[in-house]
$ cat data_10.txt   # compact mmCIF, C-alpha atoms
# COMPACT_ATOMS: atom_id res chain seq x y z
CA MET A 447 11.12 24.19 15.13
CA LYS A 448 12.22 24.21 11.51
CA PRO A 449 12.30 20.82 9.79
CA ALA A 450 15.72 19.70 8.67
CA GLU A 451 16.13 20.58 5.03
CA PHE A 452 16.84 18.15 2.26
CA TYR A 453 19.66 19.17 -0.01
CA GLN A 454 18.18 20.87 -3.03
CA ARG A 455 17.67 18.61 -6.00
CA ASP A 456 20.48 19.06 -8.53
CA ARG A 457 18.41 19.97 -11.57
CA THR A 458 21.57 20.18 -13.72
CA SER A 459 22.03 16.42 -13.51
CA GLN A 460 18.32 15.52 -13.61
CA PRO A 461 16.48 15.41 -16.94
CA PRO A 462 14.58 18.59 -17.80
CA ALA A 463 10.86 18.32 -18.55
CA LEU A 464 11.18 19.20 -22.23
CA THR A 465 13.41 16.82 -24.21
CA PRO A 466 12.25 16.98 -27.86
CA ASP A 467 14.09 13.84 -28.99
CA TYR A 468 11.82 11.97 -26.59
CA LYS A 469 8.70 13.09 -28.42
CA THR A 470 6.08 12.33 -25.79
CA SER A 471 7.71 14.88 -23.49
CA VAL A 472 6.88 17.76 -25.84
CA ALA A 473 3.17 18.03 -24.98
CA ARG A 474 3.59 16.74 -21.43
CA SER A 475 6.26 19.16 -20.17
CA PRO A 476 5.40 22.27 -18.16
CA ARG A 477 6.66 25.45 -19.81
CA LEU A 478 6.61 27.75 -16.80
CA ALA A 479 9.19 27.68 -14.03
CA MET A 480 8.57 25.49 -11.02
CA LEU A 481 8.08 27.24 -7.69
CA SER A 482 10.98 26.33 -5.42
CA LEU A 483 9.80 25.50 -1.94
CA GLN A 484 11.73 25.10 1.28
CA GLY A 485 10.71 21.91 3.02
CA SER A 486 7.79 22.07 5.46
CA MET A 487 6.16 19.25 7.39
CA SER A 488 4.30 18.33 4.20
CA GLU A 489 7.54 17.65 2.32
CA VAL A 490 9.79 16.13 5.01
CA THR A 491 7.23 13.50 5.95
CA GLY A 492 6.09 10.68 3.70
CA PRO A 493 4.42 7.29 3.69
CA THR A 494 5.89 4.39 5.61
CA PHE A 495 5.53 0.70 4.86
CA GLY A 496 5.94 -2.46 6.87
CA HIS A 497 6.24 -6.19 6.34
CA SER A 498 2.48 -6.54 6.71
CA ASP A 499 2.09 -4.61 3.44
CA ILE A 500 3.99 -7.13 1.31
CA ASP A 501 4.80 -10.84 1.16
CA ALA A 502 8.20 -12.54 1.23
CA ILE A 503 7.79 -13.93 -2.28
CA ASP A 504 7.12 -10.49 -3.75
CA ASN A 505 10.84 -9.95 -4.48
CA ASP A 506 11.22 -13.20 -6.46
CA LEU A 507 10.04 -12.57 -10.02
CA ILE A 508 11.06 -16.09 -11.01
CA ARG A 509 8.47 -17.52 -8.62
CA ASN A 510 5.90 -14.83 -7.86
CA TYR A 511 3.84 -15.47 -11.01
CA ALA A 512 4.98 -19.00 -11.92
CA LYS A 513 2.10 -21.19 -13.11
CA THR A 514 3.61 -24.22 -14.84
CA GLY A 515 7.36 -23.73 -14.22
CA ASP A 516 10.06 -21.09 -14.24
CA PRO A 517 9.98 -18.19 -16.71
CA VAL A 518 12.19 -18.28 -19.78
CA GLY A 519 15.34 -16.18 -19.75
CA GLU A 520 18.70 -15.47 -18.21
CA ARG A 521 18.35 -15.87 -14.46
CA ILE A 522 19.76 -12.91 -12.51
CA ILE A 523 19.93 -11.38 -9.06
CA VAL A 524 19.63 -7.60 -8.85
CA HIS A 525 20.91 -6.29 -5.55
CA GLY A 526 22.30 -3.16 -3.96
CA ARG A 527 21.61 -0.49 -1.39
CA VAL A 528 19.35 2.52 -1.16
CA LEU A 529 21.55 5.32 0.17
CA ASP A 530 21.18 9.04 0.73
CA GLU A 531 23.64 11.62 -0.58
CA ASN A 532 25.49 11.45 2.73
CA GLY A 533 26.20 7.78 2.03
CA ARG A 534 23.92 6.44 4.73
CA GLY A 535 21.76 3.42 4.03
CA ILE A 536 18.01 4.06 4.12
CA PRO A 537 16.36 1.21 6.06
CA ASN A 538 12.84 -0.17 5.68
CA THR A 539 12.05 1.72 2.52
CA LEU A 540 9.84 0.28 -0.20
CA VAL A 541 11.52 -0.63 -3.50
CA GLU A 542 9.22 -1.65 -6.36
CA ILE A 543 10.37 -2.85 -9.79
CA TRP A 544 8.74 -3.77 -13.08
CA GLN A 545 10.10 -4.99 -16.37
CA ALA A 546 9.49 -6.73 -19.70
CA ASN A 547 10.05 -10.47 -19.98
CA ALA A 548 13.11 -12.03 -21.63
CA GLY A 549 11.59 -11.40 -25.07
CA GLY A 550 10.92 -7.72 -24.42
CA ARG A 551 7.17 -8.03 -23.87
CA TYR A 552 5.29 -6.51 -20.93
CA ARG A 553 2.34 -8.17 -19.27
CA HIS A 554 0.11 -5.14 -19.83
CA LYS A 555 -3.12 -4.86 -21.75
CA LYS A 556 -1.70 -1.88 -23.65
CA ASP A 557 1.47 -3.67 -24.85
CA THR A 558 0.99 -5.16 -28.34
CA TYR A 559 4.60 -6.03 -29.25
CA LEU A 560 4.74 -9.30 -31.20
CA ALA A 561 7.08 -11.05 -28.75
CA PRO A 562 5.07 -13.53 -26.68
CA ILE A 563 3.80 -13.17 -23.14
CA ASP A 564 5.54 -15.64 -20.81
CA PRO A 565 2.84 -17.54 -18.92
CA ASN A 566 5.17 -17.85 -15.93
CA PHE A 567 6.33 -14.25 -15.69
CA GLY A 568 4.37 -11.34 -14.22
CA GLY A 569 7.15 -8.78 -14.37
CA CYS A 570 6.85 -6.94 -11.07
CA GLY A 571 8.38 -7.23 -7.63
CA ARG A 572 8.67 -5.30 -4.40
CA THR A 573 10.67 -5.45 -1.21
CA LEU A 574 11.68 -3.44 1.84
CA THR A 575 15.32 -2.55 2.42
CA ASP A 576 16.91 -4.07 5.52
CA ASP A 577 18.34 -2.06 8.39
CA GLN A 578 21.42 -1.19 6.30
CA GLY A 579 19.43 -0.13 3.25
CA TYR A 580 20.20 -3.36 1.36
CA TYR A 581 17.72 -4.97 -1.04
CA TYR A 582 17.68 -7.78 -3.57
CA PHE A 583 15.44 -9.27 -6.23
CA ARG A 584 15.61 -12.44 -8.31
CA THR A 585 14.35 -12.19 -11.87
CA VAL A 586 15.19 -12.86 -15.50
CA LYS A 587 17.06 -10.34 -17.63
CA PRO A 588 14.55 -8.31 -19.64
CA GLY A 589 14.79 -8.14 -23.42
CA ALA A 590 15.17 -5.03 -25.56
CA TYR A 591 12.03 -3.92 -27.39
CA PRO A 592 10.98 -1.42 -30.06
CA TRP A 593 8.94 1.68 -29.29
CA ARG A 594 7.32 4.40 -31.33
CA ASN A 595 9.42 7.54 -31.29
CA TRP A 596 11.55 7.64 -34.39
CA VAL A 597 10.67 4.73 -36.68
CA ASN A 598 13.43 2.45 -35.43
CA ASN A 599 13.94 3.16 -31.72
CA TRP A 600 14.71 0.29 -29.34
CA ARG A 601 14.82 0.50 -25.59
CA PRO A 602 17.95 -0.97 -24.02
CA ALA A 603 17.20 -3.77 -21.57
CA HIS A 604 16.05 -2.06 -18.39
CA ILE A 605 14.24 -2.53 -15.11
CA HIS A 606 12.00 0.25 -13.80
CA VAL A 607 12.70 1.08 -10.15
CA SER A 608 10.47 3.06 -7.76
CA VAL A 609 11.79 4.16 -4.35
CA PHE A 610 10.26 6.15 -1.50
CA GLY A 611 12.95 7.07 1.07
CA THR A 612 11.73 8.70 4.27
CA SER A 613 10.02 11.77 2.84
CA PHE A 614 7.69 12.64 -0.03
CA SER A 615 10.39 14.95 -1.42
CA GLN A 616 12.72 11.97 -1.94
CA ARG A 617 10.23 10.09 -4.11
CA LEU A 618 11.99 8.76 -7.21
CA ILE A 619 11.35 6.56 -10.21
CA THR A 620 14.25 5.61 -12.44
CA GLN A 621 15.44 2.80 -14.69
CA MET A 622 18.33 0.39 -14.25
CA TYR A 623 20.37 -0.50 -17.33
CA PHE A 624 22.84 -3.34 -17.86
CA GLU A 625 26.59 -2.94 -18.30
CA GLY A 626 27.75 -3.36 -21.87
CA ASP A 627 24.40 -2.84 -23.63
CA PRO A 628 25.08 -1.00 -26.92
CA LEU A 629 21.49 0.31 -27.03
CA ILE A 630 22.08 2.57 -24.01
CA ALA A 631 24.00 5.08 -26.10
CA LYS A 632 21.27 5.11 -28.77
CA CYS A 633 18.26 5.66 -26.52
CA PRO A 634 16.44 9.04 -26.53
CA ILE A 635 15.01 8.31 -23.08
CA VAL A 636 18.47 7.68 -21.60
CA ALA A 637 19.63 10.83 -23.39
CA THR A 638 17.11 12.98 -21.50
CA ILE A 639 19.75 12.91 -18.73
CA PRO A 640 22.15 15.78 -19.46
CA ASP A 641 25.10 14.58 -17.35
CA PRO A 642 27.06 11.53 -18.61
CA ARG A 643 28.13 10.68 -15.07
CA ALA A 644 24.49 10.56 -14.05
CA ILE A 645 23.82 8.11 -16.89
CA ASP A 646 26.72 5.91 -15.76
CA GLN A 647 25.16 5.85 -12.31
CA LEU A 648 22.11 4.09 -13.78
CA ILE A 649 24.12 1.29 -15.41
CA ALA A 650 24.42 -1.79 -13.20
CA PRO A 651 27.72 -3.67 -13.46
CA LEU A 652 27.90 -7.42 -13.65
CA ASP A 653 28.69 -8.61 -10.13
CA LEU A 654 30.16 -12.08 -10.39
CA ASN A 655 30.86 -12.20 -6.67
CA ALA A 656 27.13 -12.12 -6.04
CA ALA A 657 26.30 -14.64 -8.78
CA ILE A 658 25.30 -18.11 -7.63
CA PRO A 659 27.49 -20.72 -9.38
CA LEU A 660 25.56 -22.99 -11.75
CA ASP A 661 22.36 -21.01 -11.04
CA CYS A 662 22.25 -17.30 -11.86
CA LEU A 663 24.27 -14.16 -12.63
CA ALA A 664 24.07 -10.95 -10.61
CA TYR A 665 24.03 -7.20 -11.22
CA LYS A 666 24.61 -4.57 -8.54
CA PHE A 667 22.55 -1.41 -8.49
CA ASP A 668 22.80 1.23 -5.76
CA ILE A 669 20.08 3.88 -5.68
CA ILE A 670 20.89 7.31 -4.27
CA LEU A 671 18.14 9.51 -2.80
CA ARG A 672 18.46 13.09 -1.70
CA GLY A 673 20.47 13.76 1.43
CA ARG A 674 19.56 15.93 4.33
CA ARG A 675 21.24 18.22 6.79
CA SER A 676 20.76 18.41 10.52
CA THR A 677 18.24 20.70 12.16
CA LEU A 678 19.41 24.19 13.00
CA PHE A 679 19.32 23.24 16.66
CA GLU A 680 22.03 20.66 16.29
CA ASN A 681 25.38 22.27 15.73
CA ARG A 682 26.27 19.97 12.85
CA LEU A 683 25.74 21.24 9.35
CA GLU A 684 26.40 18.08 7.43
CA GLY A 685 24.18 15.06 7.66
CA ASN A 686 22.21 13.82 10.59
CA MET B 436 42.35 21.88 -6.17
CA ALA B 437 40.26 21.91 -3.04
CA GLN B 438 39.45 18.79 -1.09
CA PRO B 439 36.65 16.66 -2.52
CA LEU B 440 33.32 16.89 -0.72
CA ASN B 441 32.52 13.23 -1.31
CA TYR B 442 28.77 13.58 -1.31
CA LEU B 443 26.93 11.07 -3.41
CA ASN B 444 24.63 12.39 -6.14
CA GLU B 445 20.95 11.63 -6.32
CA SER B 446 20.21 9.02 -8.99
CA ALA B 447 18.80 10.53 -12.16
CA SER B 448 15.09 10.11 -12.75
CA GLN B 449 13.72 8.32 -15.79
CA THR B 450 10.17 8.28 -17.04
CA ALA B 451 7.81 5.77 -15.44
CA GLY B 452 6.76 4.87 -18.98
CA PRO B 453 3.45 3.58 -20.29
CA TYR B 454 3.52 0.37 -18.26
CA VAL B 455 3.93 1.90 -14.80
CA HIS B 456 0.81 0.02 -13.71
CA ILE B 457 2.60 -3.34 -13.91
CA GLY B 458 4.87 -2.35 -11.05
CA LEU B 459 2.75 -0.02 -9.00
CA ALA B 460 -0.84 -1.10 -9.69
CA PRO B 461 -0.78 -4.48 -11.45
CA GLY B 462 -4.55 -4.84 -11.19
CA ALA B 463 -4.88 -1.92 -13.59
CA ALA B 464 -2.44 -3.60 -15.98
CA GLY B 465 -4.83 -6.51 -16.16
CA PHE B 466 -3.38 -9.17 -13.87
CA ASP B 467 -3.49 -10.34 -10.30
CA ILE B 468 -0.20 -11.01 -8.54
CA TYR B 469 0.04 -9.44 -5.07
CA ARG B 470 -2.03 -10.15 -1.99
CA THR B 471 -2.52 -6.42 -1.54
CA GLN B 472 -2.25 -3.41 -3.83
CA LEU B 473 -0.75 -0.47 -1.99
CA GLY B 474 -2.28 2.98 -1.71
CA GLU B 475 -5.91 2.05 -2.26
CA ASP B 476 -7.16 3.17 1.15
CA ILE B 477 -5.87 6.57 2.26
CA ALA B 478 -7.82 7.30 5.42
CA GLY B 479 -8.97 3.89 6.67
CA PRO B 480 -12.49 3.26 7.96
CA ASP B 481 -12.16 4.81 11.40
CA ALA B 482 -10.45 8.17 10.87
CA PRO B 483 -12.66 11.08 11.95
CA GLY B 484 -13.33 14.00 9.63
CA GLU B 485 -15.36 14.92 6.57
CA ARG B 486 -15.37 12.08 4.03
CA ILE B 487 -14.68 13.50 0.58
CA ARG B 488 -14.04 12.34 -2.96
CA VAL B 489 -11.63 14.20 -5.23
CA GLU B 490 -11.75 13.65 -8.97
CA GLY B 491 -10.12 15.20 -11.99
CA VAL B 492 -8.24 14.84 -15.22
CA VAL B 493 -4.62 15.54 -16.09
CA MET B 494 -4.42 17.34 -19.44
CA ASP B 495 -1.46 17.73 -21.78
CA GLY B 496 -0.50 20.83 -23.73
CA THR B 497 -3.08 20.10 -26.44
CA GLY B 498 -5.89 19.76 -23.89
CA ALA B 499 -6.09 15.99 -24.29
CA PRO B 500 -6.47 13.87 -21.16
CA VAL B 501 -3.34 12.00 -20.06
CA LYS B 502 -4.75 8.51 -19.78
CA ASP B 503 -1.64 6.71 -18.56
CA VAL B 504 -0.71 9.04 -15.69
CA LEU B 505 -0.22 7.66 -12.19
CA LEU B 506 -0.74 10.01 -9.25
CA GLU B 507 0.30 9.68 -5.65
CA VAL B 508 -1.13 11.82 -2.90
CA TRP B 509 0.09 12.54 0.64
CA GLN B 510 -1.89 14.38 3.26
CA ALA B 511 -2.43 14.97 6.95
CA ASP B 512 -5.48 13.71 8.85
CA ALA B 513 -8.47 15.89 9.75
CA ALA B 514 -6.53 17.32 12.69
CA GLY B 515 -3.56 18.23 10.49
CA ILE B 516 -1.34 15.40 11.75
CA TYR B 517 0.87 13.31 9.46
CA PRO B 518 1.31 9.60 10.23
CA HIS B 519 5.08 10.01 10.29
CA ALA B 520 7.64 10.06 13.11
CA GLU B 521 8.69 13.62 12.35
CA ASP B 522 5.29 15.07 13.06
CA PRO B 523 5.52 16.06 16.75
CA ARG B 524 1.85 15.15 17.19
CA VAL B 525 2.13 11.75 15.48
CA ALA B 526 0.94 9.93 18.61
CA ASP B 527 -2.45 11.61 18.13
CA CYS B 528 -2.82 10.74 14.44
CA ALA B 529 -6.17 9.16 13.56
CA PRO B 530 -6.21 5.35 13.99
CA GLY B 531 -5.65 3.50 10.73
CA PHE B 532 -4.88 6.68 8.80
CA ARG B 533 -2.18 6.08 6.14
CA GLY B 534 -2.25 9.49 4.47
CA TRP B 535 -0.92 8.12 1.20
CA GLY B 536 -2.73 7.01 -1.89
CA ARG B 537 -1.95 5.81 -5.36
CA VAL B 538 -4.43 6.83 -8.03
CA ILE B 539 -4.93 5.35 -11.49
CA THR B 540 -6.97 6.86 -14.30
CA ASP B 541 -9.70 5.28 -16.34
CA PHE B 542 -7.82 4.20 -19.49
CA ASP B 543 -10.65 5.40 -21.76
CA THR B 544 -11.38 8.80 -20.27
CA GLY B 545 -8.36 9.76 -18.15
CA LEU B 546 -10.65 10.47 -15.19
CA TRP B 547 -9.21 9.66 -11.77
CA ALA B 548 -10.73 9.83 -8.31
CA PHE B 549 -9.85 9.02 -4.74
CA ASP B 550 -11.72 8.91 -1.45
CA THR B 551 -10.28 10.30 1.75
CA VAL B 552 -10.99 12.61 4.67
CA LYS B 553 -10.46 16.31 4.26
CA PRO B 554 -7.11 17.22 5.84
CA GLY B 555 -6.79 19.83 8.56
CA PRO B 556 -4.42 22.81 8.53
CA VAL B 557 -0.75 21.93 9.06
CA MET B 558 1.90 23.96 10.85
CA GLY B 559 4.30 25.33 8.27
CA ARG B 560 7.71 26.88 8.54
CA ASN B 561 8.33 29.68 11.04
CA GLY B 562 5.07 29.07 12.82
CA GLN B 563 2.90 29.98 9.82
CA MET B 564 -0.13 27.76 9.46
CA MET B 565 -0.70 26.20 6.05
CA ALA B 566 -4.27 25.89 4.80
CA PRO B 567 -5.59 22.32 4.34
CA HIS B 568 -3.91 20.74 1.34
CA VAL B 569 -2.99 17.47 -0.32
CA SER B 570 0.46 16.97 -1.87
CA PHE B 571 0.45 15.42 -5.35
CA TRP B 572 3.16 13.62 -7.32
CA LEU B 573 2.58 12.68 -10.98
CA VAL B 574 4.44 10.29 -13.23
CA ALA B 575 3.69 9.13 -16.77
CA ARG B 576 5.15 8.34 -20.13
CA GLY B 577 6.69 11.58 -21.38
CA ILE B 578 7.27 12.95 -17.87
CA ASN B 579 11.00 12.65 -17.25
CA ILE B 580 10.94 13.42 -13.55
CA GLY B 581 7.92 13.22 -11.27
CA LEU B 582 5.97 16.47 -11.01
CA SER B 583 5.01 17.79 -7.56
CA THR B 584 2.13 20.11 -6.79
CA ARG B 585 -0.41 20.78 -4.05
CA MET B 586 -4.18 20.80 -4.02
CA TYR B 587 -6.00 23.29 -1.78
CA PHE B 588 -9.77 23.62 -1.28
CA GLU B 589 -11.71 26.60 -2.61
CA ASP B 590 -14.07 26.50 0.36
CA GLU B 591 -11.30 26.98 2.94
CA ASP B 592 -9.64 30.22 3.99
CA ASN B 593 -6.45 30.14 1.93
CA SER B 594 -5.63 33.83 2.26
CA ALA B 595 -2.69 33.41 4.63
CA ASP B 596 -1.22 30.25 3.18
CA PRO B 597 2.54 30.79 2.85
CA VAL B 598 2.90 28.56 -0.21
CA LEU B 599 0.00 29.97 -2.24
CA ASN B 600 1.26 33.45 -1.43
CA LEU B 601 4.67 32.58 -2.87
CA VAL B 602 3.11 32.25 -6.33
CA GLU B 603 4.08 35.53 -7.94
CA GLN B 604 1.18 35.81 -10.40
CA ALA B 605 -1.92 35.77 -8.20
CA PRO B 606 -4.24 34.29 -10.88
CA ARG B 607 -2.01 31.22 -11.08
CA ARG B 608 -2.89 30.38 -7.45
CA GLU B 609 -6.28 29.34 -8.80
CA THR B 610 -4.63 26.37 -10.50
CA LEU B 611 -4.02 24.87 -7.06
CA LEU B 612 -7.63 25.09 -5.86
CA ALA B 613 -10.03 22.16 -5.97
CA ARG B 614 -13.56 23.24 -6.92
CA LYS B 615 -16.48 22.07 -4.82
CA VAL B 616 -18.87 20.24 -7.13
CA SER B 617 -21.37 19.10 -4.51
CA PRO B 618 -21.25 18.23 -0.82
CA GLY B 619 -18.30 15.88 -0.35
CA LEU B 620 -17.14 16.04 -3.99
CA TYR B 621 -14.26 18.13 -5.29
CA ARG B 622 -12.85 18.55 -8.79
CA PHE B 623 -9.13 19.14 -9.35
CA ASP B 624 -7.90 19.22 -12.94
CA ILE B 625 -4.18 19.45 -13.62
CA ARG B 626 -2.84 21.10 -16.78
CA LEU B 627 0.69 20.11 -17.66
CA GLN B 628 1.20 22.90 -20.17
CA GLY B 629 -0.45 25.86 -21.89
CA ASP B 630 -3.35 28.04 -20.75
CA GLY B 631 -3.95 27.58 -17.05
CA GLU B 632 -0.77 25.55 -16.59
CA THR B 633 -0.75 24.19 -13.04
CA VAL B 634 1.86 25.56 -10.68
CA PHE B 635 4.38 22.79 -10.10
CA LEU B 636 6.68 22.78 -7.10
CA ASP B 637 10.38 22.06 -6.81
CA ILE B 638 10.22 20.64 -3.31
$ encode --input "data_10.txt" --output "structure tokens"
Amino acid sequence: MKPAEFYQRDRTSQPPALTPDYKTSVARSPRLAMLSLQGSMSEVTGPTFGHSDIDAIDNDLIRNYAKTGDPVGERIIVHGRVLDENGRGIPNTLVEIWQANAGGRYRHKKDTYLAPIDPNFGGCGRTLTDDQGYYYFRTVKPGAYPWRNWVNNWRPAHIHVSVFGTSFSQRLITQMYFEGDPLIAKCPIVATIPDPRAIDQLIAPLDLNAAIPLDCLAYKFDIILRGRRSTLFENRLEGN
Amino acid sequence: MAQPLNYLNESASQTAGPYVHIGLAPGAAGFDIYRTQLGEDIAGPDAPGERIRVEGVVMDGTGAPVKDVLLEVWQADAAGIYPHAEDPRVADCAPGFRGWGRVITDFDTGLWAFDTVKPGPVMGRNGQMMAPHVSFWLVARGINIGLSTRMYFEDEDNSADPVLNLVEQAPRRETLLARKVSPGLYRFDIRLQGDGETVFLDI
């Protein structure tokens, strides 16, 4: 039996390996063409995770590293669904996030930015989507921060997002940006994405309906992973 | 105008950046937050098969080690079975075998290593057996979208492997072979660019 194929990745809307305005990519980008491979068992399978792998508090960045109180910053909920390209929710998939604190500083031994570490903020979270593909986190809005590329580059506020899906070929890491941030249009890392619509898809809108009055704001961020067709033995060519 | 197809489009990738460890391996970032770090034990204690260690370095186009890369690996058990519902033999997968690992480098040297069992051959497309292999996925600062490749073993019969044989320039197949250093120890260096550039896969 042939495994059901995933739709081929649309490389015209994904960033290419070599993007010279993002300088670090120059020496880290393959120059030869990738070998395109039809999916075999090794690609259509992938790791699975369960509730025994994580703890309930792991998705609450306001509480999961708190030592003496809550972290400083604008309290937000980030929520949305993990969907495939057919629009179906992907249940029970692992979503992991990491981010700088409200001042733009990461809790990482390699980060030396002068903004202070927040003693109550770790900066990472993880969760499993529910049976509809829905997920949520509670955190504080990260700050912008400078980085060495050109002499005066600043990253827009962003949250790194890692998602698995159901197969190793769906594995994806991306970044979520915040609606209205003027630094998005100035960022060489954002600009590695050649398709403006694909950039828009990474910008989370303010979602007042999901905000909690007198407590925290909310942003909505849907993540789309590659879709898949049916097996050749089912007489349906679209989706499964 | 034709009717719209109304498919959604895969979200664009963005680099994992230099601080990927915070999210995916916080212990390596220098702090303790989760009860468990994921991907540290690939095979579990009870899976049968040859216990092996694989080590290597990822090098950039100047030959320098990439010290902030994060690798993930995915493999079948010693009988060639994936712990996943779509493997028809999943019920016979080795007990406790996860098949997935997350691998961090030494920040000073760029050397990485993982322990596992050697995978068995896996049935490929159209009934063609694939030689034992481990799938790799690499992310790092400067890598805009995760890079996929496969590692095979130089001491296995790879002559009929349908993926290796798809590589047009036969010498490039060597870039996908782990070298046997000593019993139970393999070396697999990955070159992102330049002489001996590893074959990367668009899977």
$ interface_residues --input "data_10.txt" --of "chain B" --to "chain A" --cutoff "6 Å" --atoms "only C-alpha atoms" --output "list in words"
Tyr442, Leu443, Asn444, Glu445, Ser446, Ala447, Ser448, Gln449, Gly458, Ala464, Asp495, Gly496, His519, Trp535, Gly559, Arg560, Gly577, Ile578, Asn579, Leu627, Gln628, Phe635, Leu636, Asp637 and Ile638 of chain B
$ atom_distance --input "data_10.txt" --atom1 "CA of Asp522 in chain B" --atom2 "CA of Phe610 in chain A"
17.8 Å
$ residues_around --input "data_10.txt" --residues "Ala603 in chain A" --least-positions-apart "4" --cutoff "8 Å" --atoms "only C-alpha atoms" --output "ChimeraX atom specification"
/A:550,587-591,623-624,627
$ decode --input "data_10.txt" --residues "range 500-542 of chain A" --atoms "C-alpha atoms" --output "short mmCIF file (atom, residue, chain, number, x, y, z; two decimals), in the first residue's frame"
data_model
loop_
_atom_site.label_atom_id
_atom_site.label_comp_id
_atom_site.auth_asym_id
_atom_site.auth_seq_id
_atom_site.Cartn_x
_atom_site.Cartn_y
_atom_site.Cartn_z
CA ILE A 500 3.77 17.54 30.03
CA ASP A 501 2.11 19.21 33.00
CA ALA A 502 -1.05 21.34 33.09
CA ILE A 503 0.86 24.43 34.20
CA ASP A 504 3.26 24.24 31.27
CA ASN A 505 1.01 26.48 29.13
CA ASP A 506 0.86 29.29 31.71
CA LEU A 507 3.99 31.42 31.34
CA ILE A 508 2.70 33.82 33.99
CA ARG A 509 2.87 31.05 36.58
CA ASN A 510 5.22 28.34 35.33
CA TYR A 511 8.39 30.10 36.52
CA ALA A 512 6.97 32.50 39.12
CA LYS A 513 9.17 32.74 42.22
CA THR A 514 8.09 35.84 44.15
CA GLY A 515 5.03 37.01 42.16
CA ASP A 516 3.79 37.52 38.63
CA PRO A 517 6.15 38.59 35.84
CA VAL A 518 6.20 42.20 34.70
CA GLY A 519 4.43 43.06 31.46
CA GLU A 520 1.21 43.23 29.53
CA ARG A 521 -0.79 40.13 30.37
CA ILE A 522 -2.08 38.30 27.27
CA ILE A 523 -3.71 35.10 26.13
CA VAL A 524 -2.46 33.60 22.87
CA HIS A 525 -4.92 31.13 21.43
CA GLY A 526 -5.93 29.54 18.16
CA ARG A 527 -6.06 26.28 16.28
CA VAL A 528 -3.56 24.05 14.56
CA LEU A 529 -5.14 23.17 11.21
CA ASP A 530 -4.04 21.37 8.08
CA GLU A 531 -4.37 22.83 4.59
CA ASN A 532 -7.73 21.09 4.24
CA GLY A 533 -8.98 23.15 7.18
CA ARG A 534 -9.20 20.26 9.60
CA GLY A 535 -8.08 20.71 13.17
CA ILE A 536 -5.09 18.61 14.21
CA PRO A 537 -5.81 17.11 17.65
CA ASN A 538 -3.33 16.13 20.36
CA THR A 539 -0.35 17.73 18.73
CA LEU A 540 2.44 19.31 20.72
CA VAL A 541 2.78 23.11 20.54
CA GLU A 542 5.85 24.63 22.19
#
